[in-house]
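Shown next: protein-v4.cif, given as mmCIF, C-alpha atoms and all ligand atoms.
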```cif
data_data
loop_
_atom_site.label_atom_id
_atom_site.label_comp_id
_atom_site.auth_asym_id
_atom_site.auth_seq_id
_atom_site.Cartn_x
_atom_site.Cartn_y
_atom_site.Cartn_z
CA MET H 553 -9.49 -27.21 12.49
CA ALA H 554 -10.16 -23.50 12.09
CA ALA H 555 -11.35 -22.31 8.69
CA ARG H 556 -8.66 -21.15 6.31
CA ARG H 557 -8.06 -17.45 6.26
CA GLY H 558 -7.36 -15.15 3.36
CA ALA H 559 -4.02 -13.40 2.87
CA LEU H 560 -3.38 -9.69 3.31
CA ILE H 561 -1.31 -8.47 0.37
CA ALA H 562 -0.04 -4.89 0.14
CA LEU H 563 1.13 -3.16 -3.04
CA GLU H 564 3.62 -0.37 -2.56
CA GLY H 565 5.98 1.50 -4.84
CA VAL H 566 6.73 4.81 -6.48
CA ASP H 567 4.18 6.90 -8.32
CA ARG H 568 3.11 5.33 -11.67
CA ALA H 569 4.84 2.01 -10.88
CA GLY H 570 1.55 0.26 -11.64
CA LYS H 571 0.13 -0.43 -8.15
CA SER H 572 -3.47 0.37 -9.04
CA THR H 573 -3.28 -1.46 -12.39
CA GLN H 574 -1.77 -4.57 -10.78
CA GLY H 575 -4.14 -4.46 -7.80
CA ARG H 576 -7.18 -4.57 -10.08
CA ARG H 577 -5.64 -7.27 -12.28
CA LEU H 578 -4.64 -9.43 -9.32
CA VAL H 579 -8.06 -9.39 -7.67
CA GLN H 580 -9.77 -10.13 -10.98
CA ALA H 581 -7.41 -13.04 -11.72
CA LEU H 582 -7.83 -14.52 -8.24
CA ARG H 583 -11.62 -14.32 -8.58
CA ASP H 584 -11.46 -15.88 -12.06
CA ALA H 585 -9.45 -18.74 -10.51
CA GLY H 586 -12.21 -19.32 -7.94
CA HIS H 587 -10.65 -17.56 -4.94
CA ARG H 588 -12.44 -14.97 -2.89
CA ALA H 589 -10.55 -11.68 -3.10
CA ASP H 590 -11.28 -7.98 -2.55
CA LEU H 591 -9.37 -4.81 -3.37
CA LEU H 592 -9.04 -1.85 -1.02
CA ARG H 593 -7.10 1.32 -1.66
CA PHE H 594 -5.59 3.70 0.82
CA PRO H 595 -6.42 6.45 1.17
CA ASP H 596 -10.05 5.42 0.77
CA ARG H 597 -11.43 8.81 -0.23
CA SER H 598 -15.07 7.74 0.16
CA THR H 599 -15.32 8.03 3.97
CA GLU H 600 -15.61 11.30 5.92
CA ILE H 601 -11.94 11.05 6.91
CA GLY H 602 -11.10 10.11 3.32
CA GLN H 603 -12.84 13.22 2.02
CA LEU H 604 -10.71 15.39 4.30
CA ILE H 605 -7.60 13.61 3.03
CA SER H 606 -8.72 14.05 -0.55
CA SER H 607 -9.20 17.79 -0.13
CA TYR H 608 -5.75 17.99 1.47
CA LEU H 609 -4.16 16.09 -1.44
CA GLY H 610 -6.06 18.27 -3.92
CA ARG H 611 -4.70 21.40 -2.16
CA GLU H 612 -8.20 22.65 -1.36
CA LYS H 613 -7.41 22.32 2.32
CA ASN H 614 -4.25 22.82 4.36
CA LEU H 615 -3.72 20.55 7.32
CA GLU H 616 -0.86 20.53 9.80
CA ASP H 617 1.65 17.73 9.01
CA HIS H 618 1.08 15.62 12.17
CA THR H 619 -2.67 15.99 11.72
CA ILE H 620 -2.73 14.69 8.16
CA HIS H 621 -0.42 11.81 9.11
CA LEU H 622 -2.86 10.74 11.83
CA LEU H 623 -5.82 11.08 9.47
CA PHE H 624 -4.18 8.74 6.93
CA SER H 625 -3.68 6.24 9.76
CA ALA H 626 -7.26 6.70 11.02
CA ASN H 627 -8.45 6.04 7.47
CA ARG H 628 -6.78 2.60 7.72
CA TRP H 629 -8.05 1.90 11.23
CA GLU H 630 -11.64 2.63 10.24
CA HIS H 631 -11.40 -0.31 7.82
CA VAL H 632 -9.77 -2.77 10.23
CA PRO H 633 -12.93 -4.50 11.55
CA MET H 634 -14.09 -5.13 7.97
CA MET H 635 -10.61 -6.25 6.85
CA LYS H 636 -10.32 -8.74 9.73
CA GLU H 637 -13.78 -10.08 9.05
CA LYS H 638 -12.98 -10.65 5.39
CA LEU H 639 -9.61 -12.29 6.13
CA HIS H 640 -11.14 -14.62 8.70
CA GLN H 641 -13.90 -15.53 6.25
CA GLY H 642 -11.21 -16.69 3.83
CA ILE H 643 -11.24 -13.62 1.60
CA THR H 644 -7.84 -12.45 0.38
CA VAL H 645 -7.52 -8.68 0.77
CA VAL H 646 -5.29 -6.76 -1.63
CA VAL H 647 -4.45 -3.21 -0.51
CA ASP H 648 -3.27 -0.54 -2.95
CA ARG H 649 -0.89 1.33 -0.57
CA TYR H 650 -0.83 0.76 3.20
CA ALA H 651 0.99 2.00 6.29
CA PHE H 652 4.34 1.95 4.44
CA SER H 653 3.17 4.79 2.17
CA GLY H 654 1.99 6.53 5.32
CA VAL H 655 5.45 6.41 6.90
CA ALA H 656 7.38 7.02 3.67
CA PHE H 657 5.45 10.15 2.68
CA THR H 658 5.41 11.83 6.09
CA SER H 659 9.03 11.02 6.88
CA ALA H 660 10.02 12.44 3.47
CA LYS H 661 8.91 15.83 4.81
CA GLY H 662 12.17 15.84 6.75
CA ASN H 663 11.27 16.76 10.32
CA PHE H 664 9.72 13.38 11.22
CA GLY H 665 11.51 10.31 12.54
CA LEU H 666 10.58 6.89 11.20
CA GLU H 667 9.64 5.67 14.69
CA TRP H 668 7.16 8.51 15.29
CA CYS H 669 5.63 7.92 11.86
CA LYS H 670 5.13 4.19 12.53
CA GLN H 671 3.41 4.54 15.92
CA PRO H 672 -0.20 5.24 14.85
CA ASP H 673 -0.17 2.16 12.60
CA VAL H 674 1.31 -0.23 15.19
CA GLY H 675 -1.09 -3.15 15.58
CA LEU H 676 -2.80 -2.90 12.18
CA PRO H 677 -3.32 -6.24 10.44
CA LYS H 678 0.17 -7.24 9.31
CA PRO H 679 0.49 -7.89 5.58
CA ASP H 680 1.51 -11.44 4.74
CA LEU H 681 3.26 -10.03 1.68
CA ILE H 682 4.35 -6.55 0.64
CA LEU H 683 5.00 -6.30 -3.07
CA PHE H 684 7.28 -3.39 -3.84
CA LEU H 685 6.93 -2.32 -7.46
CA GLN H 686 10.30 -0.88 -8.36
CA LEU H 687 10.64 1.53 -11.26
CA ASN H 688 13.36 4.04 -12.03
CA PRO H 689 12.33 7.72 -12.32
CA GLU H 690 13.06 7.87 -16.08
CA ALA H 691 10.77 4.93 -16.81
CA ALA H 692 8.10 6.40 -14.52
CA ALA H 693 8.33 9.72 -16.40
CA GLU H 694 7.63 7.93 -19.68
CA ARG H 695 4.29 6.84 -18.23
CA GLY H 696 3.09 10.44 -18.16
CA ASP H 697 3.48 13.65 -16.23
CA PHE H 698 2.84 14.03 -12.54
CA GLY H 699 -0.67 15.11 -11.65
CA HIS H 700 -1.31 18.24 -9.66
CA GLU H 701 -1.81 16.74 -6.22
CA ARG H 702 0.38 17.39 -3.25
CA TYR H 703 3.61 15.28 -3.15
CA GLU H 704 3.71 14.92 -6.95
CA THR H 705 7.20 16.27 -7.65
CA SER H 706 10.30 14.29 -8.53
CA SER H 707 12.37 15.73 -5.65
CA PHE H 708 9.77 14.69 -3.06
CA GLN H 709 9.28 11.28 -4.68
CA GLU H 710 13.03 10.63 -4.45
CA LYS H 711 12.87 11.23 -0.67
CA VAL H 712 9.84 8.94 -0.43
CA LEU H 713 11.81 6.23 -2.20
CA GLN H 714 14.69 6.54 0.31
CA SER H 715 12.19 6.16 3.18
CA PHE H 716 10.76 3.04 1.54
CA TYR H 717 14.29 1.58 1.38
CA CYS H 718 14.70 2.19 5.14
CA LEU H 719 11.40 0.40 5.83
CA MET H 720 12.44 -2.52 3.64
CA GLU H 721 15.37 -3.25 5.96
CA ASP H 722 12.85 -4.65 8.46
CA LYS H 723 13.27 -8.40 7.96
CA SER H 724 10.28 -9.24 10.16
CA LEU H 725 8.15 -8.23 7.17
CA ASN H 726 7.81 -10.20 3.95
CA TRP H 727 8.94 -7.63 1.38
CA LYS H 728 9.26 -8.81 -2.23
CA THR H 729 10.61 -6.41 -4.80
CA VAL H 730 9.37 -6.87 -8.35
CA ASP H 731 10.65 -5.20 -11.51
CA ALA H 732 7.84 -2.82 -12.48
CA SER H 733 9.43 -1.97 -15.85
CA LYS H 734 8.11 -5.25 -17.25
CA SER H 735 4.97 -5.29 -19.37
CA ILE H 736 1.66 -5.14 -17.50
CA GLU H 737 1.00 -8.75 -18.47
CA ASP H 738 4.42 -10.14 -17.43
CA LEU H 739 4.33 -8.29 -14.14
CA HIS H 740 0.79 -9.49 -13.52
CA ARG H 741 1.83 -13.12 -14.05
CA GLU H 742 4.74 -12.75 -11.62
CA ILE H 743 2.61 -11.01 -8.99
CA LYS H 744 -0.19 -13.56 -9.32
CA SER H 745 2.24 -16.40 -8.79
CA ILE H 746 3.83 -14.83 -5.68
CA ALA H 747 0.37 -14.00 -4.32
CA LYS H 748 -0.92 -17.54 -4.77
CA GLU H 749 2.16 -18.99 -3.04
CA THR H 750 1.61 -16.63 -0.10
CA MET H 751 -2.10 -17.50 0.10
CA GLU H 752 -1.16 -21.21 0.38
CA GLU H 753 1.51 -20.56 3.00
CA VAL H 754 -0.53 -18.42 5.36
CA GLN H 755 -3.97 -20.02 5.18
CA ASN H 756 -3.52 -21.86 8.48
CA LYS H 757 -1.36 -19.26 10.23
CA PRO H 758 -2.68 -16.53 12.51
CA LEU H 759 -2.89 -12.99 11.19
CA GLY H 760 -0.04 -10.88 12.60
CA GLU H 761 0.02 -7.39 14.07
CA LEU H 762 2.10 -4.80 12.23
CA TRP H 763 5.27 -3.48 13.93
CA LYS H 764 4.45 -5.23 17.22
P1 LIG C 801 0.28 3.69 -9.63
O1 LIG C 801 -1.04 3.26 -9.05
O2 LIG C 801 1.45 2.93 -9.07
O3 LIG C 801 0.52 5.17 -9.53
P2 LIG C 801 -0.96 3.04 -12.18
O4 LIG C 801 -1.38 1.63 -12.09
O5 LIG C 801 -2.02 4.09 -12.00
O6 LIG C 801 0.26 3.35 -11.19
O7 LIG C 801 -0.25 3.23 -13.59
C1 LIG C 801 0.27 4.52 -13.99
C2 LIG C 801 0.24 4.61 -15.53
O8 LIG C 801 1.19 3.70 -16.08
C3 LIG C 801 -1.10 4.24 -16.15
O9 LIG C 801 -1.30 5.04 -17.28
C4 LIG C 801 -0.93 2.78 -16.53
O10 LIG C 801 -1.73 2.39 -17.60
C5 LIG C 801 0.54 2.74 -16.90
N1 LIG C 801 1.18 1.43 -16.59
C6 LIG C 801 0.96 0.65 -15.50
N2 LIG C 801 1.74 -0.44 -15.51
C7 LIG C 801 2.49 -0.35 -16.63
C8 LIG C 801 3.51 -1.20 -17.22
N3 LIG C 801 3.90 -2.33 -16.62
N4 LIG C 801 4.08 -0.80 -18.36
C9 LIG C 801 3.69 0.37 -18.96
N5 LIG C 801 2.75 1.20 -18.48
C10 LIG C 801 2.15 0.85 -17.32
P1 LIG C 802 -3.07 7.73 -4.71
O1 LIG C 802 -4.52 7.83 -4.29
O2 LIG C 802 -2.83 8.14 -6.12
O3 LIG C 802 -2.47 6.41 -4.39
O4 LIG C 802 -2.29 8.87 -3.92
N1 LIG C 802 -0.25 8.88 1.09
C1 LIG C 802 -0.92 7.71 1.04
C2 LIG C 802 0.23 9.40 2.30
O5 LIG C 802 0.83 10.47 2.33
N2 LIG C 802 0.02 8.69 3.45
C3 LIG C 802 -0.66 7.49 3.44
O6 LIG C 802 -0.85 6.88 4.51
C4 LIG C 802 -1.15 6.98 2.17
C5 LIG C 802 -1.88 5.68 2.14
C6 LIG C 802 0.61 8.93 -1.26
C7 LIG C 802 -2.44 9.11 -2.60
C8 LIG C 802 -1.34 10.01 -2.09
O7 LIG C 802 -1.35 9.98 -0.65
C9 LIG C 802 -0.06 9.65 -0.15
C10 LIG C 802 0.05 9.56 -2.52
MG MG C 803 -2.47 4.33 -7.96
#
```

For the file at hand, write its structure as C-alpha cells.
Amino acid sequence: MAARRGALIALEGVDRAGKSTQGRRLVQALRDAGHRADLLRFPDRSTEIGQLISSYLGREKNLEDHTIHLLFSANRWEHVPMMKEKLHQGITVVVDRYAFSGVAFTSAKGNFGLEWCKQPDVGLPKPDLILFLQLNPEAAAERGDFGHERYETSSFQEKVLQSFYCLMEDKSLNWKTVDASKSIEDLHREIKSIAKETMEEVQNKPLGELWK
C-alpha cells in the first residue's frame, strides 16, 4: 500500500477574519498532536515574484491588472513541487489564502470574468478542504482599521466577498464555512476538529487537480 499522504487545507475569508491567526494555531496544534504539518501563506513575499507582488500591494509599484493576477498565480506555481513533495511525504500543508483569493480579488476589479481569472490556477494541487472564515463587516471593523495596502477598503472588500460566494457554489470543492466571530480558542477547536477529520478521510486518496 502506498504511504499515507498529508492533506491540503486552505484558509480563506475576508480581511481580519482570523486566517493567519488560525493557520498558525492549527499547524502548531497538529504538530503538538504528533502530526507533520507545515504552514504556507500566499502571497509568499519572500521569493523574487513575491517581492514584486509585495511592492505592488504596498503601492510602491504599479502593475497592469492582468500582469499582477498572473504573478499571484506564478507565486503559487513556484511552490507546487515543494507542496506535492510534502503532501506525498505525509505532511499536511495549511495554506493561508490560495487560488480563491486570487480569483476573488481580481474579479472584484469588475472587468474580469471568473473563468478568465481561474485559468492560470487550473491544475494546482486541489485543496482537500477550504475553510471559509465568515465575519460580518461590523465585526471585522472592531478588530482594527484597514492597513494601507492596495485593496484595503470596505467597498472593494464587499465585492471580494461576493466573488467568494460565487466560487463557493462549486460543489466539486469541499468548502466549509465557519463562524469567525467566535473566540480565537473556540474557532481553533472547531477548525482543528474539521482538519483532523479531513486528514483521516483523504490519507489514502489521490491528490486532486484544481478546477480540472
Ligand atoms: P486575517 O489573516 O484573516 O486578516 P488575522 O489572523 O491577521 O486575520 O487577525 C486580524 C486581527 O484580529 C488580529 O489583530 C487578531 O489578533 C484578531 N483576531 C483574530 N481572530 C480573532 C477572533 N476570533 N476574535 C477576535 N479577534 C481576533
Ligand atoms: P495578506 O498578505 O494580508 O494576506 O494580503 N491577493 C492574494 C490577491 O489579490 N491575489 C492572490 O492570489 C492572493 C493570494 C489579498 C495579501 C493581499 O493580496 C490579495 C490581500
Ligand atoms: Mg492574514

When the cut-off is 6 Å and you count only C-alpha atoms and all ligand atoms, which residues lie near ligand LIG 801 (chain C), shown as a ChimeraX atom specification? /H:567-573,695,732-736

Separating atom CA of Leu713 of chain H from atom O1 of ligand LIG 802 (chain C), to the nearest tenth of an Å, is a gap of 16.5 Å

Show me, as a list of chain:residue names, the residues that have an atom within 7 Å of segment 620-623 of chain H when counting only C-alpha atoms, minus same-chain residues fewer than 3 positions from it. H:Ile601, H:Leu615, H:Glu616, H:Asp617, H:Ala626, H:Asn627, H:Gly654, H:Thr658, H:Pro672

Counting only C-alpha atoms and all ligand atoms, which residues of chain H sit at most 12 Å from some atom of ligand MG 803 (chain C), and what is each one's closest atom pair with its distance in Å to one decimal, listed by chain and rising residue number, as a tab-separated table?
```
residue	atom	partner	partner_atom	distance
H:Leu563	CA	C:MG803	MG	9.7
H:Glu564	CA	C:MG803	MG	9.4
H:Gly565	CA	C:MG803	MG	9.4
H:Val566	CA	C:MG803	MG	9.3
H:Asp567	CA	C:MG803	MG	7.1
H:Arg568	CA	C:MG803	MG	6.8
H:Ala569	CA	C:MG803	MG	8.2
H:Gly570	CA	C:MG803	MG	6.8
H:Lys571	CA	C:MG803	MG	5.4
H:Ser572	CA	C:MG803	MG	4.2
H:Thr573	CA	C:MG803	MG	7.3
H:Gln574	CA	C:MG803	MG	9.4
H:Gly575	CA	C:MG803	MG	8.9
H:Arg576	CA	C:MG803	MG	10.3
H:Leu592	CA	C:MG803	MG	11.4
H:Arg593	CA	C:MG803	MG	8.4
H:Phe594	CA	C:MG803	MG	9.3
H:Pro595	CA	C:MG803	MG	10.2
H:Asp596	CA	C:MG803	MG	11.6
H:Val647	CA	C:MG803	MG	10.8
H:Asp648	CA	C:MG803	MG	7.0
H:Arg649	CA	C:MG803	MG	8.1
H:Tyr650	CA	C:MG803	MG	11.8
H:Ser653	CA	C:MG803	MG	11.6
H:Leu685	CA	C:MG803	MG	11.5
H:Phe698	CA	C:MG803	MG	12.0
H:Gly699	CA	C:MG803	MG	11.5
```

Of the candidates H:Pro679, H:Ala691, H:Val655, H:Glu753, which one gets nearest to Gln714 of chain H if we count all atoms listed in the file?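 Smallest distance to Gln714 of chain H is found for H:Val655.
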
Kindly indicate which residue among H:Glu710, H:Glu752, H:Asp590, H:Glu612 lies nearest to Asn688 of chain H, using all atoms listed in the file for the distances.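 Looking at the shortest contact to Asn688 of chain H, the residue is H:Glu710.
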
Using all atoms listed in the file and a cutoff of 12 Å, can you tell me which residues are near (8.4, 1.8, 11.0) in the file's coordinates, and write them out as an MDAnalysis selection string? chainID H and resid 651:656 658:659 664:675 715:725 762:764

Grab the residues selected above and save them as a PDB file, keeping the file's coordinate frame with C-alpha atoms.
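Output file part-v8.pdb follows:
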```pdb
ATOM      1  CA  ALA H 651       0.990   2.000   6.290  1.00  0.00           C
ATOM      2  CA  PHE H 652       4.340   1.950   4.440  1.00  0.00           C
ATOM      3  CA  SER H 653       3.170   4.790   2.170  1.00  0.00           C
ATOM      4  CA  GLY H 654       1.990   6.530   5.320  1.00  0.00           C
ATOM      5  CA  VAL H 655       5.450   6.410   6.900  1.00  0.00           C
ATOM      6  CA  ALA H 656       7.380   7.020   3.670  1.00  0.00           C
ATOM      7  CA  THR H 658       5.410  11.830   6.090  1.00  0.00           C
ATOM      8  CA  SER H 659       9.030  11.020   6.880  1.00  0.00           C
ATOM      9  CA  PHE H 664       9.720  13.380  11.220  1.00  0.00           C
ATOM     10  CA  GLY H 665      11.510  10.310  12.540  1.00  0.00           C
ATOM     11  CA  LEU H 666      10.580   6.890  11.200  1.00  0.00           C
ATOM     12  CA  GLU H 667       9.640   5.670  14.690  1.00  0.00           C
ATOM     13  CA  TRP H 668       7.160   8.510  15.290  1.00  0.00           C
ATOM     14  CA  CYS H 669       5.630   7.920  11.860  1.00  0.00           C
ATOM     15  CA  LYS H 670       5.130   4.190  12.530  1.00  0.00           C
ATOM     16  CA  GLN H 671       3.410   4.540  15.920  1.00  0.00           C
ATOM     17  CA  PRO H 672      -0.200   5.240  14.850  1.00  0.00           C
ATOM     18  CA  ASP H 673      -0.170   2.160  12.600  1.00  0.00           C
ATOM     19  CA  VAL H 674       1.310  -0.230  15.190  1.00  0.00           C
ATOM     20  CA  GLY H 675      -1.090  -3.150  15.580  1.00  0.00           C
ATOM     21  CA  SER H 715      12.190   6.160   3.180  1.00  0.00           C
ATOM     22  CA  PHE H 716      10.760   3.040   1.540  1.00  0.00           C
ATOM     23  CA  TYR H 717      14.290   1.580   1.380  1.00  0.00           C
ATOM     24  CA  CYS H 718      14.700   2.190   5.140  1.00  0.00           C
ATOM     25  CA  LEU H 719      11.400   0.400   5.830  1.00  0.00           C
ATOM     26  CA  MET H 720      12.440  -2.520   3.640  1.00  0.00           C
ATOM     27  CA  GLU H 721      15.370  -3.250   5.960  1.00  0.00           C
ATOM     28  CA  ASP H 722      12.850  -4.650   8.460  1.00  0.00           C
ATOM     29  CA  LYS H 723      13.270  -8.400   7.960  1.00  0.00           C
ATOM     30  CA  SER H 724      10.280  -9.240  10.160  1.00  0.00           C
ATOM     31  CA  LEU H 725       8.150  -8.230   7.170  1.00  0.00           C
ATOM     32  CA  LEU H 762       2.100  -4.800  12.230  1.00  0.00           C
ATOM     33  CA  TRP H 763       5.270  -3.480  13.930  1.00  0.00           C
ATOM     34  CA  LYS H 764       4.450  -5.230  17.220  1.00  0.00           C
TER      35      LYS H 764
END
```

Of the candidates H:Met635, H:Tyr703, H:Leu676, H:Arg628, which shows the shortest atom-to-atom distance to Thr599 of chain H, using all atoms listed in the file?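 Smallest separation from Thr599 of chain H among the options: H:Arg628.
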
Atomic distance atom C5 of ligand LIG 802 (chain C) - atom CA of Val645 of chain H, expressed in Å with one decimal: 15.5 Å

Atom CA of Ile682 of chain H and atom CA of Trp727 of chain H, how far apart in Å? 4.8 Å

Your completed segment 699-724 of chain H with N, CA, C and O atoms, as a PDB file, in the frame of the given file:
```
ATOM      1  N   GLY H 699       0.591  14.374 -11.758  1.00  0.00           N
ATOM      2  CA  GLY H 699      -0.670  15.110 -11.650  1.00  0.00           C
ATOM      3  C   GLY H 699      -0.409  16.394 -10.875  1.00  0.00           C
ATOM      4  O   GLY H 699       0.741  16.835 -10.743  1.00  0.00           O
ATOM      5  N   HIS H 700      -1.468  16.959 -10.342  1.00  0.00           N
ATOM      6  CA  HIS H 700      -1.310  18.240  -9.660  1.00  0.00           C
ATOM      7  C   HIS H 700      -1.579  18.134  -8.165  1.00  0.00           C
ATOM      8  O   HIS H 700      -1.813  19.136  -7.506  1.00  0.00           O
ATOM      9  N   GLU H 701      -1.573  16.901  -7.651  1.00  0.00           N
ATOM     10  CA  GLU H 701      -1.810  16.740  -6.220  1.00  0.00           C
ATOM     11  C   GLU H 701      -0.538  17.029  -5.437  1.00  0.00           C
ATOM     12  O   GLU H 701       0.560  17.062  -5.970  1.00  0.00           O
ATOM     13  N   ARG H 702      -0.740  17.216  -4.157  1.00  0.00           N
ATOM     14  CA  ARG H 702       0.380  17.390  -3.250  1.00  0.00           C
ATOM     15  C   ARG H 702       1.310  16.179  -3.362  1.00  0.00           C
ATOM     16  O   ARG H 702       0.823  15.091  -3.640  1.00  0.00           O
ATOM     17  N   TYR H 703       2.572  16.336  -3.163  1.00  0.00           N
ATOM     18  CA  TYR H 703       3.610  15.280  -3.150  1.00  0.00           C
ATOM     19  C   TYR H 703       4.068  14.883  -4.563  1.00  0.00           C
ATOM     20  O   TYR H 703       4.994  14.103  -4.706  1.00  0.00           O
ATOM     21  N   GLU H 704       3.384  15.394  -5.615  1.00  0.00           N
ATOM     22  CA  GLU H 704       3.710  14.920  -6.950  1.00  0.00           C
ATOM     23  C   GLU H 704       4.813  15.751  -7.621  1.00  0.00           C
ATOM     24  O   GLU H 704       4.586  16.437  -8.604  1.00  0.00           O
ATOM     25  N   THR H 705       6.019  15.667  -7.014  1.00  0.00           N
ATOM     26  CA  THR H 705       7.200  16.270  -7.650  1.00  0.00           C
ATOM     27  C   THR H 705       8.317  15.246  -7.565  1.00  0.00           C
ATOM     28  O   THR H 705       8.336  14.410  -6.650  1.00  0.00           O
ATOM     29  N   SER H 706       9.256  15.326  -8.516  1.00  0.00           N
ATOM     30  CA  SER H 706      10.300  14.290  -8.530  1.00  0.00           C
ATOM     31  C   SER H 706      11.225  14.405  -7.316  1.00  0.00           C
ATOM     32  O   SER H 706      11.699  13.386  -6.814  1.00  0.00           O
ATOM     33  N   SER H 707      11.468  15.621  -6.805  1.00  0.00           N
ATOM     34  CA  SER H 707      12.370  15.730  -5.650  1.00  0.00           C
ATOM     35  C   SER H 707      11.735  15.095  -4.410  1.00  0.00           C
ATOM     36  O   SER H 707      12.411  14.395  -3.645  1.00  0.00           O
ATOM     37  N   PHE H 708      10.441  15.301  -4.220  1.00  0.00           N
ATOM     38  CA  PHE H 708       9.770  14.690  -3.060  1.00  0.00           C
ATOM     39  C   PHE H 708       9.703  13.175  -3.223  1.00  0.00           C
ATOM     40  O   PHE H 708       9.965  12.416  -2.278  1.00  0.00           O
ATOM     41  N   GLN H 709       9.395  12.716  -4.435  1.00  0.00           N
ATOM     42  CA  GLN H 709       9.280  11.280  -4.680  1.00  0.00           C
ATOM     43  C   GLN H 709      10.606  10.552  -4.424  1.00  0.00           C
ATOM     44  O   GLN H 709      10.623   9.404  -3.981  1.00  0.00           O
ATOM     45  N   GLU H 710      11.709  11.240  -4.705  1.00  0.00           N
ATOM     46  CA  GLU H 710      13.030  10.630  -4.450  1.00  0.00           C
ATOM     47  C   GLU H 710      13.227  10.408  -2.948  1.00  0.00           C
ATOM     48  O   GLU H 710      13.732   9.370  -2.519  1.00  0.00           O
ATOM     49  N   LYS H 711      12.771  11.379  -2.132  1.00  0.00           N
ATOM     50  CA  LYS H 711      12.870  11.230  -0.670  1.00  0.00           C
ATOM     51  C   LYS H 711      11.959  10.105  -0.189  1.00  0.00           C
ATOM     52  O   LYS H 711      12.310   9.339   0.706  1.00  0.00           O
ATOM     53  N   VAL H 712      10.777  10.013  -0.785  1.00  0.00           N
ATOM     54  CA  VAL H 712       9.840   8.940  -0.430  1.00  0.00           C
ATOM     55  C   VAL H 712      10.493   7.588  -0.687  1.00  0.00           C
ATOM     56  O   VAL H 712      10.429   6.671   0.141  1.00  0.00           O
ATOM     57  N   LEU H 713      11.161   7.492  -1.833  1.00  0.00           N
ATOM     58  CA  LEU H 713      11.810   6.230  -2.200  1.00  0.00           C
ATOM     59  C   LEU H 713      12.873   5.844  -1.163  1.00  0.00           C
ATOM     60  O   LEU H 713      12.963   4.679  -0.748  1.00  0.00           O
ATOM     61  N   GLN H 714      13.654   6.823  -0.705  1.00  0.00           N
ATOM     62  CA  GLN H 714      14.690   6.540   0.310  1.00  0.00           C
ATOM     63  C   GLN H 714      14.034   6.047   1.609  1.00  0.00           C
ATOM     64  O   GLN H 714      14.555   5.141   2.259  1.00  0.00           O
ATOM     65  N   SER H 715      12.899   6.618   1.972  1.00  0.00           N
ATOM     66  CA  SER H 715      12.190   6.160   3.180  1.00  0.00           C
ATOM     67  C   SER H 715      11.680   4.733   3.001  1.00  0.00           C
ATOM     68  O   SER H 715      11.743   3.919   3.934  1.00  0.00           O
ATOM     69  N   PHE H 716      11.192   4.411   1.800  1.00  0.00           N
ATOM     70  CA  PHE H 716      10.760   3.040   1.540  1.00  0.00           C
ATOM     71  C   PHE H 716      11.941   2.072   1.736  1.00  0.00           C
ATOM     72  O   PHE H 716      11.788   1.006   2.328  1.00  0.00           O
ATOM     73  N   TYR H 717      13.125   2.463   1.234  1.00  0.00           N
ATOM     74  CA  TYR H 717      14.290   1.580   1.380  1.00  0.00           C
ATOM     75  C   TYR H 717      14.612   1.342   2.861  1.00  0.00           C
ATOM     76  O   TYR H 717      14.988   0.232   3.238  1.00  0.00           O
ATOM     77  N   CYS H 718      14.469   2.382   3.695  1.00  0.00           N
ATOM     78  CA  CYS H 718      14.700   2.190   5.140  1.00  0.00           C
ATOM     79  C   CYS H 718      13.697   1.181   5.700  1.00  0.00           C
ATOM     80  O   CYS H 718      14.068   0.278   6.460  1.00  0.00           O
ATOM     81  N   LEU H 719      12.432   1.318   5.312  1.00  0.00           N
ATOM     82  CA  LEU H 719      11.400   0.400   5.830  1.00  0.00           C
ATOM     83  C   LEU H 719      11.641  -1.029   5.378  1.00  0.00           C
ATOM     84  O   LEU H 719      11.315  -1.985   6.083  1.00  0.00           O
ATOM     85  N   MET H 720      12.225  -1.179   4.190  1.00  0.00           N
ATOM     86  CA  MET H 720      12.440  -2.520   3.640  1.00  0.00           C
ATOM     87  C   MET H 720      13.565  -3.274   4.351  1.00  0.00           C
ATOM     88  O   MET H 720      13.731  -4.480   4.137  1.00  0.00           O
ATOM     89  N   GLU H 721      14.322  -2.561   5.188  1.00  0.00           N
ATOM     90  CA  GLU H 721      15.370  -3.250   5.960  1.00  0.00           C
ATOM     91  C   GLU H 721      14.776  -4.098   7.079  1.00  0.00           C
ATOM     92  O   GLU H 721      15.477  -4.921   7.679  1.00  0.00           O
ATOM     93  N   ASP H 722      13.525  -3.898   7.401  1.00  0.00           N
ATOM     94  CA  ASP H 722      12.850  -4.650   8.460  1.00  0.00           C
ATOM     95  C   ASP H 722      12.561  -6.070   7.984  1.00  0.00           C
ATOM     96  O   ASP H 722      11.623  -6.302   7.207  1.00  0.00           O
ATOM     97  N   LYS H 723      13.376  -7.015   8.463  1.00  0.00           N
ATOM     98  CA  LYS H 723      13.270  -8.400   7.960  1.00  0.00           C
ATOM     99  C   LYS H 723      12.140  -9.193   8.628  1.00  0.00           C
ATOM    100  O   LYS H 723      11.925 -10.360   8.315  1.00  0.00           O
ATOM    101  N   SER H 724      11.424  -8.543   9.569  1.00  0.00           N
ATOM    102  CA  SER H 724      10.280  -9.240  10.160  1.00  0.00           C
ATOM    103  C   SER H 724       9.058  -9.127   9.232  1.00  0.00           C
ATOM    104  O   SER H 724       8.000  -9.687   9.498  1.00  0.00           O
TER     105      SER H 724
END
```
